[in-house]
Amino acid sequence: MTYSVRRLTRDDVESYRAIRLEALTSHPEAYASSPESFARQSLEELAALLGRMAFFGVFADNTLGGIVAFGQTDGERERHRGWLYQVYLQPRLRGTGAGLALLNAAIEHASQSVLQLHLMVGAHNAPAIRLYQEAGFETYGTDPRCLLVNGRFIDEHMMVRFFDKAPGKTDQK
């Protein structure tokens, strides 16, 4: 399968809205937002979000098939940290390398402005965890009962990728 990855712009807002709703509806246990609360956001609000954060999309057959967002903390003592949010890949693209290519685009972008990149992933989501490990992330903890979705608690693993250290190395001070 042929695909391409690029940064999303305000012109992609309708495609972004559609795939984000798909992600929230298909996998409610994977996200803190509900489809209902997301659907209440106007296209103008979503376009502003696309302008504020760095969103990347993977396209196959000229259709948006996956997304990831990068955000950076503003606090003076946290500016060295960035976060990946809203990671989603349609089933048709899973196992094709598109997910890793999408992550790598966000990672490359993030590496220009932060020293480490964080994400959270459901402890039950083994395929996503393997993908993140392949992209150089390591688990540093678990947030128990992080989400409560439809009466079910979801534990989330916290993962990090350091840009200024060899993988697996941390300061011991």
# chains A, B, ... in the order shown; residues from 1 in each chain; ligands from 1

$ select_by_dssp --residues "segment 84-140 of chain A" --states "strand (DSSP E)" --output "list in words"
Leu84, Tyr85, Gln86, Val87, Tyr88, Leu89, Gln116, Leu117, His118, Leu119, Met120, Val121, Gly122, Glu138, Thr139 and Tyr140 of chain A

$ closest_atom_pairs --of "segment 99-158 of chain A" --to "segment 23-43 of chain A" --cutoff "10 Å" --atoms "only C-alpha atoms" --output "tab-separated table"
residue	atom	partner	partner_atom	distance
A:Met120	CA	A:Ala30	CA	9.4
A:Val121	CA	A:Ala30	CA	7.2
A:Gly122	CA	A:Ala30	CA	6.2
A:Ala123	CA	A:Ala30	CA	9.8
A:His124	CA	A:Ala30	CA	9.6
A:Asn125	CA	A:Ala30	CA	8.6
A:Cys146	CA	A:Ala32	CA	9.0
A:Leu147	CA	A:Ala32	CA	6.7
A:Leu148	CA	A:Glu29	CA	8.2
A:Val149	CA	A:Glu29	CA	5.9
A:Asn150	CA	A:Glu29	CA	8.5
A:Arg152	CA	A:Glu29	CA	8.6
A:Phe153	CA	A:Glu29	CA	8.9
A:Ile154	CA	A:Glu29	CA	7.0
A:Asp155	CA	A:Glu29	CA	9.9
A:Glu156	CA	A:Ala30	CA	9.0

$ write_last_selection --atoms "C-alpha atoms" --output "compact mmCIF listing (two decimals), in the first residue's frame"
# COMPACT_ATOMS: atom_id res chain seq x y z
CA MET A 120 0.23 7.59 27.41
CA VAL A 121 -1.25 4.36 26.10
CA GLY A 122 -3.78 1.89 27.47
CA ALA A 123 -1.99 -0.90 29.30
CA HIS A 124 -4.24 -3.36 27.43
CA ASN A 125 -3.18 -2.09 23.97
CA CYS A 146 -6.40 6.64 34.64
CA LEU A 147 -9.67 6.62 32.69
CA LEU A 148 -13.19 5.51 33.54
CA VAL A 149 -14.98 4.54 30.33
CA ASN A 150 -18.45 3.02 30.37
CA ARG A 152 -14.60 0.25 33.28
CA PHE A 153 -11.29 1.52 34.64
CA ILE A 154 -8.41 1.78 32.17
CA ASP A 155 -4.78 1.73 33.32
CA GLU A 156 -2.41 3.72 31.12

$ closest_residue --among "A:Val58, A:Leu100, A:Val160, A:Leu119" --to "Tyr85 of chain A" --atoms "only C-alpha atoms"
A:Leu119

$ closest_atom_pairs --of "segment 25-129 of chain A" --to "segment 4-13 of chain A" --cutoff "10 Å" --atoms "only C-alpha atoms" --output "tab-separated table"
residue	atom	partner	partner_atom	distance
A:Leu43	CA	A:Val13	CA	6.7
A:Glu44	CA	A:Val13	CA	8.6
A:Glu45	CA	A:Val13	CA	9.6
A:Leu46	CA	A:Val13	CA	6.5
A:Ala47	CA	A:Arg10	CA	4.9
A:Ala48	CA	A:Arg10	CA	7.4
A:Leu49	CA	A:Arg10	CA	8.6
A:Leu50	CA	A:Arg10	CA	5.9
A:Gly51	CA	A:Arg10	CA	6.5
A:Met53	CA	A:Leu8	CA	9.8
A:Ala54	CA	A:Arg7	CA	7.0
A:Phe55	CA	A:Leu8	CA	5.4
A:Phe56	CA	A:Arg7	CA	4.2
A:Gly57	CA	A:Val5	CA	5.6
A:Val58	CA	A:Val5	CA	4.3
A:Phe59	CA	A:Ser4	CA	5.3
A:Ala60	CA	A:Ser4	CA	6.7
A:Asp61	CA	A:Ser4	CA	9.4
A:Asn62	CA	A:Ser4	CA	9.0
A:Leu64	CA	A:Asp12	CA	8.9
A:Gly65	CA	A:Val5	CA	9.9
A:Gly66	CA	A:Val5	CA	9.2
A:Ile67	CA	A:Leu8	CA	8.9
A:Val68	CA	A:Arg7	CA	9.6
A:Ala69	CA	A:Arg7	CA	9.5
A:Ala98	CA	A:Ser4	CA	8.1
A:Gly99	CA	A:Val5	CA	9.8
A:Ala101	CA	A:Val5	CA	7.1
A:Leu102	CA	A:Val5	CA	6.1
A:Leu103	CA	A:Val5	CA	9.6
A:Asn104	CA	A:Val5	CA	9.6
A:Ala105	CA	A:Val5	CA	7.3
A:Ala106	CA	A:Arg7	CA	8.7
A:His109	CA	A:Arg7	CA	9.7

$ closest_residue --among "A:Gly95, A:Thr142, A:Trp83, A:Tyr3" --to "Arg130 of chain A" --atoms "only C-alpha atoms"
A:Gly95
